[in-house]
$ cat run26.txt   # compact mmCIF, C-alpha atoms (C1' of nucleotides)
# COMPACT_ATOMS: atom_id res chain seq x y z
CA MET A 1 7.66 -26.94 22.89
CA ASN A 2 7.22 -23.50 24.35
CA GLY A 3 6.63 -24.45 27.93
CA LEU A 4 4.50 -27.23 29.28
CA LYS A 5 0.78 -26.86 28.90
CA THR A 6 -1.20 -26.42 32.08
CA SER A 7 -3.07 -29.61 31.32
CA LEU A 8 0.16 -31.59 31.39
CA LYS A 9 1.44 -29.96 34.56
CA VAL A 10 -1.80 -30.58 36.40
CA GLY A 11 -2.10 -34.04 34.89
CA LEU A 12 1.31 -34.95 36.25
CA ARG A 13 0.32 -33.78 39.68
CA ILE A 14 -2.84 -35.89 39.48
CA LEU A 15 -0.74 -38.91 38.63
CA GLU A 16 1.58 -38.06 41.48
CA LEU A 17 -1.31 -38.15 43.94
CA LEU A 18 -2.65 -41.40 42.53
CA SER A 19 0.78 -42.94 42.67
CA ARG A 20 1.18 -42.06 46.33
CA ALA A 21 -2.32 -43.34 47.14
CA GLU A 22 -1.19 -46.84 46.20
CA GLY A 23 -4.34 -48.71 45.32
CA HIS A 24 -6.70 -46.62 47.40
CA PRO A 25 -9.12 -44.77 45.10
CA LEU A 26 -8.97 -40.99 45.25
CA THR A 27 -12.06 -38.92 44.54
CA VAL A 28 -11.97 -35.94 42.28
CA ARG A 29 -12.94 -33.84 45.25
CA GLU A 30 -9.92 -34.90 47.27
CA MET A 31 -7.61 -34.20 44.39
CA ALA A 32 -9.24 -30.83 43.76
CA VAL A 33 -8.61 -29.79 47.33
CA ARG A 34 -5.04 -31.00 47.45
CA LEU A 35 -4.11 -29.53 44.07
CA GLU A 36 -6.12 -26.34 44.54
CA GLN A 37 -7.90 -26.82 41.25
CA SER A 38 -11.58 -26.98 40.37
CA GLU A 39 -13.14 -30.44 40.34
CA LYS A 40 -14.48 -29.87 36.87
CA TYR A 41 -11.13 -29.08 35.43
CA LEU A 42 -9.59 -32.19 36.93
CA GLU A 43 -12.45 -34.29 35.57
CA GLN A 44 -11.65 -32.97 32.15
CA LEU A 45 -8.07 -34.17 32.46
CA LEU A 46 -9.04 -37.50 34.00
CA LEU A 47 -11.29 -38.29 31.06
CA PRO A 48 -8.51 -38.80 28.50
CA LEU A 49 -6.29 -40.40 31.13
CA ARG A 50 -8.95 -43.03 31.71
CA ARG A 51 -9.62 -43.58 28.03
CA ALA A 52 -5.91 -44.10 27.49
CA ARG A 53 -6.01 -46.64 30.34
CA ILE A 54 -3.47 -44.77 32.37
CA VAL A 55 -5.94 -44.48 35.23
CA THR A 56 -8.97 -46.57 36.19
CA SER A 57 -12.15 -45.37 37.80
CA VAL A 58 -14.62 -46.79 40.28
CA ARG A 59 -18.08 -45.32 40.10
CA GLY A 60 -20.61 -44.76 42.82
CA PRO A 61 -20.04 -44.06 46.50
CA HIS A 62 -16.56 -44.85 47.74
CA GLY A 63 -15.46 -44.62 44.16
CA GLY A 64 -12.62 -42.64 42.74
CA TYR A 65 -9.57 -42.99 40.53
CA LEU A 66 -6.63 -45.34 40.60
CA LEU A 67 -3.46 -45.73 38.61
CA ALA A 68 -4.17 -48.42 36.04
CA ARG A 69 -0.59 -49.72 36.20
CA PRO A 70 2.40 -49.30 38.49
CA ALA A 71 4.09 -45.96 37.90
CA ALA A 72 7.17 -47.76 36.63
CA TYR A 73 5.14 -49.02 33.69
CA ILE A 74 3.75 -45.66 32.63
CA THR A 75 6.05 -43.79 30.28
CA LEU A 76 6.47 -40.07 30.23
CA LEU A 77 5.89 -40.21 26.49
CA GLU A 78 2.33 -41.46 26.71
CA ILE A 79 1.45 -38.90 29.34
CA VAL A 80 2.89 -36.07 27.31
CA GLN A 81 1.31 -37.22 24.06
CA LEU A 82 -2.04 -37.45 25.75
CA LEU A 83 -2.13 -34.18 27.66
CA GLN A 84 0.16 -32.00 25.61
CA GLY A 85 -0.32 -33.41 22.13
CA PRO A 86 1.99 -35.36 19.89
CA VAL A 87 5.67 -34.50 19.80
CA THR A 88 5.87 -33.30 16.24
CA PHE A 89 7.89 -30.61 14.56
CA CYS A 90 6.65 -31.23 11.06
CA GLU A 91 3.89 -33.60 10.02
CA CYS A 92 4.57 -33.60 6.31
CA PRO A 93 4.74 -37.10 4.85
CA SER A 94 6.86 -36.43 1.78
CA ARG A 95 10.61 -36.33 1.89
CA ASP A 96 10.95 -32.92 0.30
CA CYS A 97 8.29 -30.75 1.84
CA LYS A 98 8.21 -27.24 0.43
CA GLU A 99 7.24 -25.81 3.78
CA CYS A 100 9.70 -27.26 6.24
CA LEU A 101 12.44 -27.78 3.64
CA SER A 102 13.89 -30.91 5.21
CA PRO A 103 11.53 -33.35 6.93
CA PRO A 104 14.34 -35.75 7.93
CA ILE A 105 15.82 -33.14 10.22
CA TRP A 106 12.59 -32.56 12.06
CA GLN A 107 11.80 -36.25 12.20
CA ALA A 108 15.19 -36.89 13.74
CA LEU A 109 14.51 -34.29 16.40
CA GLU A 110 11.15 -35.85 17.14
CA SER A 111 12.72 -39.26 17.45
CA CYS A 112 15.34 -37.79 19.73
CA VAL A 113 12.72 -36.47 22.12
CA GLU A 114 10.42 -39.46 21.87
CA ALA A 115 13.19 -41.97 22.41
CA SER A 116 14.19 -40.04 25.49
CA MET A 117 10.72 -39.78 26.92
CA VAL A 118 9.77 -43.39 26.33
CA ASN A 119 12.77 -44.27 28.45
CA VAL A 120 11.55 -42.30 31.43
CA SER A 121 8.76 -43.74 33.56
CA LEU A 122 6.35 -41.89 35.80
CA ALA A 123 8.18 -43.53 38.70
CA ASP A 124 11.43 -41.99 37.50
CA VAL A 125 9.83 -38.58 37.34
CA LEU A 126 8.40 -38.88 40.84
CA ALA A 127 11.69 -40.15 42.20
CA GLY A 128 13.42 -37.10 40.77
CA HIS A 129 15.91 -39.11 38.77
CA THR A 130 18.26 -36.81 36.95
CA PRO A 131 19.09 -37.70 33.38
CA ASP A 132 22.62 -37.75 32.05
CA ILE A 133 24.12 -35.60 29.36
CA PRO A 134 21.88 -35.94 26.37
CA GLY A 135 22.83 -37.39 23.06
CA LYS A 136 22.22 -35.39 19.96
CA ILE A 137 21.47 -36.09 16.37
CA ALA A 138 24.40 -36.38 14.03
CA LEU A 139 24.33 -35.72 10.34
CA GLY A 140 24.55 -38.68 8.03
CA PRO A 141 27.01 -39.66 5.28
CA ASN A 142 26.29 -36.54 3.25
CA TRP A 143 27.50 -34.30 5.97
CA VAL A 144 30.60 -32.20 5.33
CA GLU A 145 32.84 -32.14 8.36
CA GLY A 146 33.63 -28.65 9.58
CA GLY A 147 30.72 -27.10 7.73
CA LEU A 148 29.82 -25.15 10.78
CA GLY A 149 33.28 -23.90 11.61
CA ILE A 150 33.39 -22.13 14.95
CA MET B 1 6.59 -28.63 19.72
CA ASN B 2 3.22 -29.21 18.14
CA GLY B 3 4.17 -28.53 14.58
CA LEU B 4 6.29 -25.75 13.21
CA LYS B 5 4.87 -22.28 13.35
CA THR B 6 4.03 -20.66 10.06
CA SER B 7 6.54 -17.92 10.80
CA LEU B 8 9.33 -20.47 11.00
CA LYS B 9 8.29 -22.30 7.87
CA VAL B 10 8.07 -19.11 5.85
CA GLY B 11 11.23 -17.78 7.46
CA LEU B 12 13.12 -20.86 6.34
CA ARG B 13 11.89 -20.40 2.80
CA ILE B 14 13.00 -16.78 2.88
CA LEU B 15 16.45 -17.89 3.96
CA GLU B 16 16.43 -20.50 1.22
CA LEU B 17 15.82 -17.82 -1.40
CA LEU B 18 18.48 -15.55 0.03
CA SER B 19 20.94 -18.41 0.16
CA ARG B 20 20.39 -19.22 -3.50
CA ALA B 21 20.68 -15.55 -4.48
CA GLU B 22 24.30 -15.59 -3.34
CA GLY B 23 25.13 -12.01 -2.59
CA HIS B 24 22.59 -10.45 -4.90
CA PRO B 25 20.04 -8.53 -2.83
CA LEU B 26 16.46 -9.76 -3.11
CA THR B 27 13.56 -7.36 -2.66
CA VAL B 28 10.60 -8.19 -0.50
CA ARG B 29 8.46 -8.00 -3.59
CA GLU B 30 10.44 -10.68 -5.37
CA MET B 31 10.28 -12.96 -2.38
CA ALA B 32 6.57 -12.32 -1.97
CA VAL B 33 5.92 -13.40 -5.53
CA ARG B 34 8.10 -16.48 -5.37
CA LEU B 35 6.79 -17.61 -1.99
CA GLU B 36 3.19 -16.61 -2.70
CA GLN B 37 2.98 -14.60 0.49
CA SER B 38 2.05 -10.99 1.13
CA GLU B 39 4.89 -8.49 1.20
CA LYS B 40 3.77 -7.20 4.56
CA TYR B 41 3.94 -10.58 6.18
CA LEU B 42 7.44 -11.23 4.87
CA GLU B 43 8.55 -7.83 6.12
CA GLN B 44 7.39 -8.80 9.57
CA LEU B 45 9.56 -11.89 9.49
CA LEU B 46 12.54 -10.10 8.00
CA LEU B 47 12.54 -7.56 10.81
CA PRO B 48 13.68 -9.96 13.57
CA LEU B 49 15.96 -11.77 11.13
CA ARG B 50 17.76 -8.54 10.45
CA ARG B 51 17.94 -7.54 14.11
CA ALA B 52 19.44 -10.91 14.90
CA ARG B 53 21.96 -10.25 12.15
CA ILE B 54 21.00 -13.32 10.21
CA VAL B 55 20.17 -11.17 7.20
CA THR B 56 21.36 -7.73 6.11
CA SER B 57 19.40 -5.11 4.25
CA VAL B 58 20.18 -2.50 1.66
CA ARG B 59 17.79 0.43 1.54
CA GLY B 60 16.66 2.52 -1.35
CA PRO B 61 16.33 1.59 -5.01
CA HIS B 62 18.13 -1.61 -6.00
CA GLY B 63 18.05 -2.50 -2.32
CA GLY B 64 16.88 -5.70 -0.76
CA TYR B 65 17.97 -8.38 1.63
CA LEU B 66 21.07 -10.55 1.83
CA LEU B 67 22.22 -13.37 4.03
CA ALA B 68 24.50 -11.78 6.63
CA ARG B 69 26.74 -14.86 6.74
CA PRO B 70 27.28 -17.95 4.62
CA ALA B 71 24.51 -20.48 5.22
CA ALA B 72 27.04 -22.88 6.73
CA TYR B 73 27.53 -20.43 9.59
CA ILE B 74 23.88 -20.00 10.45
CA THR B 75 22.62 -22.61 12.87
CA LEU B 76 19.17 -24.07 12.82
CA LEU B 77 18.95 -23.31 16.53
CA GLU B 78 19.17 -19.55 16.14
CA ILE B 79 16.60 -19.55 13.36
CA VAL B 80 14.20 -21.64 15.40
CA GLN B 81 14.70 -19.64 18.58
CA LEU B 82 14.08 -16.44 16.70
CA LEU B 83 11.01 -17.36 14.68
CA GLN B 84 9.46 -20.08 16.79
CA GLY B 85 10.50 -19.06 20.27
CA PRO B 86 12.91 -20.63 22.74
CA VAL B 87 13.09 -24.40 23.02
CA THR B 88 11.79 -24.79 26.53
CA PHE B 89 9.69 -27.43 28.20
CA CYS B 90 9.75 -25.97 31.68
CA GLU B 91 11.16 -22.61 32.68
CA CYS B 92 11.13 -23.14 36.43
CA PRO B 93 14.45 -22.25 38.05
CA SER B 94 14.22 -24.35 41.20
CA ARG B 95 15.19 -27.99 41.26
CA ASP B 96 11.91 -29.24 42.72
CA CYS B 97 9.19 -27.34 40.95
CA LYS B 98 5.73 -28.22 42.21
CA GLU B 99 4.29 -27.81 38.75
CA CYS B 100 6.49 -29.83 36.47
CA LEU B 101 7.60 -32.24 39.21
CA SER B 102 11.09 -32.79 37.85
CA PRO B 103 12.88 -29.90 36.14
CA PRO B 104 16.02 -31.93 35.38
CA ILE B 105 14.09 -34.20 33.06
CA TRP B 106 12.73 -31.32 31.04
CA GLN B 107 16.04 -29.52 31.02
CA ALA B 108 17.70 -32.65 29.68
CA LEU B 109 15.16 -32.84 26.88
CA GLU B 110 15.76 -29.19 26.05
CA SER B 111 19.48 -29.76 25.94
CA CYS B 112 18.94 -32.75 23.73
CA VAL B 113 17.05 -30.73 21.17
CA GLU B 114 19.25 -27.66 21.40
CA ALA B 115 22.46 -29.63 21.10
CA SER B 116 21.06 -31.27 18.02
CA MET B 117 19.91 -28.07 16.39
CA VAL B 118 23.06 -26.12 17.06
CA ASN B 119 24.87 -28.81 15.13
CA VAL B 120 22.79 -28.36 12.01
CA SER B 121 23.48 -25.39 9.75
CA LEU B 122 21.15 -23.72 7.31
CA ALA B 123 23.38 -25.13 4.59
CA ASP B 124 22.76 -28.63 5.93
CA VAL B 125 19.04 -28.06 5.86
CA LEU B 126 19.10 -26.77 2.31
CA ALA B 127 21.32 -29.63 1.18
CA GLY B 128 18.82 -32.09 2.60
CA HIS B 129 21.34 -33.80 4.82
CA THR B 130 19.68 -36.60 6.70
CA PRO B 131 20.61 -36.99 10.33
CA ASP B 132 21.58 -40.30 11.86
CA ILE B 133 19.80 -42.23 14.54
CA PRO B 134 19.29 -39.83 17.39
CA GLY B 135 20.80 -40.14 20.80
CA LYS B 136 18.56 -40.01 23.81
CA ILE B 137 18.83 -38.96 27.39
CA ALA B 138 19.78 -41.64 29.87
CA LEU B 139 18.90 -41.61 33.54
CA GLY B 140 21.68 -40.90 35.97
CA PRO B 141 23.15 -42.88 38.87
CA ASN B 142 19.82 -42.97 40.71
CA TRP B 143 18.18 -44.87 37.96
CA VAL B 144 17.01 -48.41 38.69
CA GLU B 145 17.74 -50.69 35.78
CA GLY B 146 14.71 -52.51 34.46
CA GLY B 147 12.34 -50.05 36.06
CA LEU B 148 10.40 -49.88 32.86
CA GLY B 149 10.26 -53.59 32.17
CA ILE B 150 8.85 -54.26 28.76
C1' DG C 1 16.51 18.70 -5.46
C1' DA C 2 12.57 15.88 -6.97
C1' DT C 3 11.04 11.43 -7.54
C1' DA C 4 10.48 6.74 -7.17
C1' DA C 5 11.96 2.46 -5.14
C1' DT C 6 12.67 0.29 -1.33
C1' DT C 7 13.31 -0.87 3.60
C1' DC C 8 11.60 0.22 8.29
C1' DC C 9 8.23 0.48 12.12
C1' DT C 10 3.95 0.24 14.73
C1' DA C 11 -0.86 -0.51 15.21
C1' DT C 12 -4.82 -3.19 14.34
C1' DT C 13 -7.77 -6.94 13.02
C1' DA C 14 -9.18 -11.98 12.66
C1' DA C 15 -9.06 -16.59 13.82
C1' DG C 16 -7.88 -20.29 16.52
C1' DA C 17 -6.10 -22.71 20.78
C1' DC C 18 -6.60 -23.39 25.35
C1' DG C 19 -7.86 -22.75 30.19
C1' DA C 20 -11.71 -22.80 32.79
C1' DT C 21 -16.65 -23.07 33.99
C1' DA C 22 -21.48 -24.81 33.75
C1' DT C 23 -24.96 -28.13 33.39
C1' DG C 24 -26.83 -32.32 33.51
C1' DG C 25 -26.74 -37.55 32.92
C1' DA C 26 -25.16 -42.37 34.33
C1' DT C 27 -23.77 -45.64 37.78
C1' DT C 28 -23.66 -47.90 42.16
C1' DA C 29 -23.04 -48.63 47.44
C1' DG C 30 -25.75 -48.60 51.33
C1' DC D 1 -34.37 -44.86 47.13
C1' DT D 2 -31.04 -41.89 47.56
C1' DA D 3 -26.78 -39.86 47.94
C1' DA D 4 -22.13 -40.03 46.29
C1' DT D 5 -19.47 -40.27 42.66
C1' DC D 6 -17.90 -40.55 37.92
C1' DC D 7 -19.14 -39.35 32.83
C1' DA D 8 -19.96 -36.28 28.97
C1' DT D 9 -20.66 -32.20 26.41
C1' DA D 10 -21.42 -27.36 25.68
C1' DT D 11 -19.95 -22.83 26.39
C1' DC D 12 -17.35 -18.75 27.70
C1' DG D 13 -13.22 -15.77 27.96
C1' DT D 14 -8.51 -14.94 27.25
C1' DC D 15 -4.29 -15.20 25.03
C1' DT D 16 -1.39 -16.26 21.02
C1' DT D 17 -0.48 -15.80 16.38
C1' DA D 18 -1.30 -15.12 11.55
C1' DA D 19 -2.22 -11.56 8.57
C1' DT D 20 -3.36 -6.78 7.17
C1' DA D 21 -2.89 -1.67 7.02
C1' DG D 22 -0.78 2.70 6.84
C1' DG D 23 2.70 5.40 6.75
C1' DA D 24 7.78 7.10 7.91
C1' DA D 25 12.70 6.90 6.67
C1' DT D 26 16.38 6.12 3.40
C1' DT D 27 18.79 6.35 -0.99
C1' DA D 28 19.79 5.70 -6.16
C1' DT D 29 18.79 7.97 -10.20
C1' DC D 30 17.71 11.67 -13.06
$ encode --input "run26.txt" --output "structure tokens"
Amino acid sequence: MNGLKTSLKVGLRILELLSRAEGHPLTVREMAVRLEQSEKYLEQLLLPLRRARIVTSVRGPHGGYLLARPAAYITLLEIVQLLQGPVTFCECPSRDCKECLSPPIWQALESCVEASMVNVSLADVLAGHTPDIPGKIALGPNWVEGGLGI
Amino acid sequence: MNGLKTSLKVGLRILELLSRAEGHPLTVREMAVRLEQSEKYLEQLLLPLRRARIVTSVRGPHGGYLLARPAAYITLLEIVQLLQGPVTFCECPSRDCKECLSPPIWQALESCVEASMVNVSLADVLAGHTPDIPGKIALGPNWVEGGLGI
DNA sequence: GATAATTCCTATTAAGACGATATGGATTAG
DNA sequence: CTAATCCATATCGTCTTAATAGGAATTATC
């Protein structure tokens, strides 16, 4: 959560280009020029994007990459999970993990972020839609009101 | 966001010990034995905790560390920010960053997590309080309903 | 005051993650 | 056939972070 990885930033810009190309395949070379990145690096990012069926490829001359689906049907969550890794605070399975002390708290935070991101499409991101005030997790029945005071 | 850092996990366990000690100073040595960690490593974590005034120290013989405040007045957010780093997705100041495409989205996610964590105290964590269903960000007035379809 | 217990501080090492590059193979239009 | 293009893997270098090391400063006790 400490900043976006470069792979995600660049990946988003790739998807931006593909989205604006609208059905016309873009070559890695074109993207490399427009994004000022090396072709090889972009290829490395396009590989998982293709395997996850977020983009499609056409091989041979006049080939290139396309968005596999309309941008409105690609969620921010799948992009992030793919290029930045899963949104996890604590992976422990048990309910009382000795390391993180309270898995439910971390799981709630994960759900908070995931539920938010699955609700935002690539089209939303490109359109610059601004989200509203966020919700936040609330403690359950065990919670003692006023425990935090000020 | 890819898993909790070791420093945070161990830091939380330190705070757990101090919380249960209730005013009686604990030495680094004691904590090292009970947590099965090296004294030197714990010292390194206690340093920022003390500077942030989350713990207090007593020097000399019969010295040790104490919680600086009751656990109910220590928020999860400050612990996380201190030992894991700030909760940031994108640090760009401008509203249309070329790298992350849409700062408001990331800022909303940050706020979502921060607002949740500031609401959870160390006491809550130790008590194993389980948070409710999380809220999530919602797109603002520009949002087109049904944009995501399925 | 000497001594021992303890915190305090900085430097250094070790291992892993990640950005980036390099090299070559596979596919296909013309 | 050949050139354009995607496909795949291996490798290198840098930065972050966990962990160690060594010693300085403080203070209770005798």
$ closest_atom_pairs --input "run26.txt" --of "chain D" --to "chain A" --cutoff "10 Å" --atoms "all atoms listed in the file" --output "CSV"
residue,atom,partner,partner_atom,distance
D:DA3,C1',A:Pro61,CA,8.1
D:DA4,C1',A:Pro61,CA,4.5
D:DT5,C1',A:Gly60,CA,4.6
D:DC6,C1',A:Arg59,CA,5.2
D:DC7,C1',A:Leu47,CA,8.1
D:DA8,C1',A:Leu47,CA,9.1
$ write_last_selection --input "run26.txt" --atoms "C-alpha atoms (C1' of nucleotides)" --output "mmCIF file, keeping the file's coordinate frame"
data_model
loop_
_atom_site.group_PDB
_atom_site.id
_atom_site.type_symbol
_atom_site.label_atom_id
_atom_site.label_comp_id
_atom_site.auth_asym_id
_atom_site.auth_seq_id
_atom_site.Cartn_x
_atom_site.Cartn_y
_atom_site.Cartn_z
ATOM 1 C "C1'" DA D 3 -26.780 -39.860 47.940
ATOM 2 C "C1'" DA D 4 -22.130 -40.030 46.290
ATOM 3 C "C1'" DT D 5 -19.470 -40.270 42.660
ATOM 4 C "C1'" DC D 6 -17.900 -40.550 37.920
ATOM 5 C "C1'" DC D 7 -19.140 -39.350 32.830
ATOM 6 C "C1'" DA D 8 -19.960 -36.280 28.970
#
$ calpha_fit_and_write --input "run26.txt" --fixed "chain A" --moving "chain B" --output "compact mmCIF listing (two decimals) with C-alpha atoms, keeping the file's coordinate frame"
# COMPACT_ATOMS: atom_id res chain seq x y z
CA MET B 1 7.67 -27.02 22.87
CA ASN B 2 7.19 -23.56 24.30
CA GLY B 3 6.60 -24.53 27.87
CA LEU B 4 4.45 -27.30 29.22
CA LYS B 5 0.73 -26.93 28.85
CA THR B 6 -1.24 -26.46 32.01
CA SER B 7 -3.12 -29.67 31.28
CA LEU B 8 0.12 -31.63 31.35
CA LYS B 9 1.40 -29.99 34.50
CA VAL B 10 -1.84 -30.61 36.36
CA GLY B 11 -2.13 -34.08 34.86
CA LEU B 12 1.29 -34.97 36.21
CA ARG B 13 0.30 -33.79 39.66
CA ILE B 14 -2.86 -35.88 39.47
CA LEU B 15 -0.76 -38.92 38.62
CA GLU B 16 1.58 -38.06 41.47
CA LEU B 17 -1.31 -38.13 43.94
CA LEU B 18 -2.66 -41.38 42.55
CA SER B 19 0.78 -42.93 42.67
CA ARG B 20 1.19 -42.04 46.33
CA ALA B 21 -2.30 -43.32 47.16
CA GLU B 22 -1.18 -46.82 46.21
CA GLY B 23 -4.33 -48.66 45.35
CA HIS B 24 -6.68 -46.58 47.45
CA PRO B 25 -9.11 -44.75 45.17
CA LEU B 26 -8.96 -40.96 45.31
CA THR B 27 -12.04 -38.88 44.61
CA VAL B 28 -11.95 -35.89 42.33
CA ARG B 29 -12.92 -33.78 45.30
CA GLU B 30 -9.90 -34.85 47.29
CA MET B 31 -7.58 -34.16 44.41
CA ALA B 32 -9.22 -30.80 43.77
CA VAL B 33 -8.57 -29.74 47.34
CA ARG B 34 -5.00 -30.96 47.43
CA LEU B 35 -4.09 -29.52 44.04
CA GLU B 36 -6.10 -26.32 44.52
CA GLN B 37 -7.90 -26.81 41.23
CA SER B 38 -11.58 -26.97 40.39
CA GLU B 39 -13.17 -30.40 40.35
CA LYS B 40 -14.53 -29.82 36.88
CA TYR B 41 -11.15 -29.08 35.43
CA LEU B 42 -9.62 -32.20 36.95
CA GLU B 43 -12.49 -34.28 35.61
CA GLN B 44 -11.69 -33.02 32.15
CA LEU B 45 -8.12 -34.22 32.48
CA LEU B 46 -9.09 -37.53 34.04
CA LEU B 47 -11.36 -38.35 31.12
CA PRO B 48 -8.58 -38.87 28.54
CA LEU B 49 -6.35 -40.45 31.17
CA ARG B 50 -8.97 -43.06 31.80
CA ARG B 51 -9.67 -43.66 28.11
CA ALA B 52 -5.97 -44.17 27.55
CA ARG B 53 -6.06 -46.67 30.40
CA ILE B 54 -3.50 -44.81 32.42
CA VAL B 55 -5.97 -44.51 35.29
CA THR B 56 -8.99 -46.58 36.28
CA SER B 57 -12.16 -45.38 37.92
CA VAL B 58 -14.59 -46.77 40.42
CA ARG B 59 -18.07 -45.30 40.29
CA GLY B 60 -20.56 -44.70 43.02
CA PRO B 61 -19.97 -43.98 46.69
CA HIS B 62 -16.46 -44.77 47.92
CA GLY B 63 -15.42 -44.58 44.28
CA GLY B 64 -12.59 -42.61 42.81
CA TYR B 65 -9.58 -42.98 40.60
CA LEU B 66 -6.62 -45.34 40.66
CA LEU B 67 -3.47 -45.73 38.65
CA ALA B 68 -4.20 -48.46 36.11
CA ARG B 69 -0.61 -49.74 36.25
CA PRO B 70 2.38 -49.30 38.54
CA ALA B 71 4.06 -45.95 37.91
CA ALA B 72 7.16 -47.75 36.64
CA TYR B 73 5.11 -49.03 33.70
CA ILE B 74 3.72 -45.68 32.63
CA THR B 75 6.01 -43.83 30.27
CA LEU B 76 6.44 -40.10 30.21
CA LEU B 77 5.86 -40.25 26.46
CA GLU B 78 2.30 -41.51 26.69
CA ILE B 79 1.42 -38.94 29.33
CA VAL B 80 2.86 -36.13 27.26
CA GLN B 81 1.27 -37.29 24.03
CA LEU B 82 -2.08 -37.53 25.73
CA LEU B 83 -2.18 -34.26 27.62
CA GLN B 84 0.12 -32.08 25.56
CA GLY B 85 -0.37 -33.49 22.10
CA PRO B 86 1.96 -35.45 19.83
CA VAL B 87 5.63 -34.57 19.73
CA THR B 88 5.85 -33.34 16.17
CA PHE B 89 7.88 -30.64 14.52
CA CYS B 90 6.70 -31.24 10.98
CA GLU B 91 3.94 -33.59 9.91
CA CYS B 92 4.65 -33.55 6.19
CA PRO B 93 4.83 -37.04 4.71
CA SER B 94 6.95 -36.34 1.65
CA ARG B 95 10.72 -36.24 1.80
CA ASP B 96 11.08 -32.80 0.23
CA CYS B 97 8.39 -30.67 1.77
CA LYS B 98 8.34 -27.15 0.37
CA GLU B 99 7.34 -25.76 3.73
CA CYS B 100 9.76 -27.21 6.21
CA LEU B 101 12.54 -27.69 3.64
CA SER B 102 13.97 -30.83 5.20
CA PRO B 103 11.60 -33.30 6.87
CA PRO B 104 14.39 -35.70 7.89
CA ILE B 105 15.88 -33.12 10.20
CA TRP B 106 12.63 -32.56 12.02
CA GLN B 107 11.83 -36.24 12.13
CA ALA B 108 15.22 -36.90 13.69
CA LEU B 109 14.52 -34.30 16.36
CA GLU B 110 11.15 -35.88 17.06
CA SER B 111 12.73 -39.28 17.39
CA CYS B 112 15.32 -37.83 19.70
CA VAL B 113 12.70 -36.50 22.06
CA GLU B 114 10.39 -39.48 21.81
CA ALA B 115 13.17 -41.99 22.37
CA SER B 116 14.17 -40.07 25.44
CA MET B 117 10.68 -39.81 26.86
CA VAL B 118 9.74 -43.41 26.27
CA ASN B 119 12.71 -44.31 28.41
CA VAL B 120 11.52 -42.33 31.40
CA SER B 121 8.73 -43.75 33.55
CA LEU B 122 6.34 -41.89 35.79
CA ALA B 123 8.16 -43.53 38.68
CA ASP B 124 11.41 -41.99 37.47
CA VAL B 125 9.82 -38.59 37.32
CA LEU B 126 8.40 -38.88 40.81
CA ALA B 127 11.69 -40.15 42.18
CA GLY B 128 13.43 -37.11 40.74
CA HIS B 129 15.90 -39.13 38.74
CA THR B 130 18.23 -36.81 36.90
CA PRO B 131 19.07 -37.73 33.34
CA ASP B 132 22.61 -37.78 32.02
CA ILE B 133 24.11 -35.63 29.34
CA PRO B 134 21.83 -35.92 26.36
CA GLY B 135 22.75 -37.41 23.05
CA LYS B 136 22.17 -35.41 19.93
CA ILE B 137 21.45 -36.10 16.32
CA ALA B 138 24.43 -36.35 14.02
CA LEU B 139 24.36 -35.65 10.31
CA GLY B 140 24.60 -38.61 8.00
CA PRO B 141 27.08 -39.56 5.27
CA ASN B 142 26.34 -36.42 3.26
CA TRP B 143 27.54 -34.20 6.01
CA VAL B 144 30.64 -32.11 5.38
CA GLU B 145 32.86 -32.05 8.42
CA GLY B 146 33.68 -28.58 9.66
CA GLY B 147 30.75 -27.07 7.83
CA LEU B 148 29.86 -25.14 10.91
CA GLY B 149 33.33 -23.93 11.76
CA ILE B 150 33.38 -22.26 15.12
$ residues_around --input "run26.txt" --residues "Thr56 (chain B)" --least-positions-apart "6" --cutoff "9 Å" --atoms "all atoms listed in the file" --output "list in words"
Leu49, Arg50, Gly64, Tyr65, Leu66, Leu67, Ala68 and Arg69 of chain B
$ write_last_selection --input "run26.txt" --atoms "C-alpha atoms" --output "short mmCIF file (atom, residue, chain, number, x, y, z; two decimals), in the frame of the given file"
data_model
loop_
_atom_site.label_atom_id
_atom_site.label_comp_id
_atom_site.auth_asym_id
_atom_site.auth_seq_id
_atom_site.Cartn_x
_atom_site.Cartn_y
_atom_site.Cartn_z
CA LEU B 49 15.96 -11.77 11.13
CA ARG B 50 17.76 -8.54 10.45
CA GLY B 64 16.88 -5.70 -0.76
CA TYR B 65 17.97 -8.38 1.63
CA LEU B 66 21.07 -10.55 1.83
CA LEU B 67 22.22 -13.37 4.03
CA ALA B 68 24.50 -11.78 6.63
CA ARG B 69 26.74 -14.86 6.74
#
$ closest_residue --input "run26.txt" --among "B:Val55, B:His129, B:Leu42, B:Leu101" --to "Ala71 (chain B)" --atoms "all atoms listed in the file"
B:Val55
$ atom_distance --input "run26.txt" --atom1 "C1' of DT11 (chain D)" --atom2 "CA of Arg51 (chain A)"
23.2 Å
$ interface_residues --input "run26.txt" --of "chain C" --to "chain B" --cutoff "9 Å" --atoms "all atoms listed in the file" --output "PDB file with C-alpha atoms (C1' of nucleotides), keeping the file's coordinate frame"
ATOM      1  C1'  DA C   4      10.480   6.740  -7.170  1.00  0.00           C
ATOM      2  C1'  DA C   5      11.960   2.460  -5.140  1.00  0.00           C
ATOM      3  C1'  DT C   6      12.670   0.290  -1.330  1.00  0.00           C
ATOM      4  C1'  DT C   7      13.310  -0.870   3.600  1.00  0.00           C
ATOM      5  C1'  DC C   8      11.600   0.220   8.290  1.00  0.00           C
TER       6       DC C   8
END
$ atom_distance --input "run26.txt" --atom1 "CA of Leu109 (chain A)" --atom2 "CA of Leu35 (chain B)"
26.0 Å
$ residues_near_point --input "run26.txt" --point "(-16.3, -23.2, 33.5)" --cutoff "9 Å" --atoms "all atoms listed in the file" --output "list of chain:residue names"
A:Lys40, A:Tyr41, C:DA20, C:DT21, C:DA22, D:DT11, D:DC12
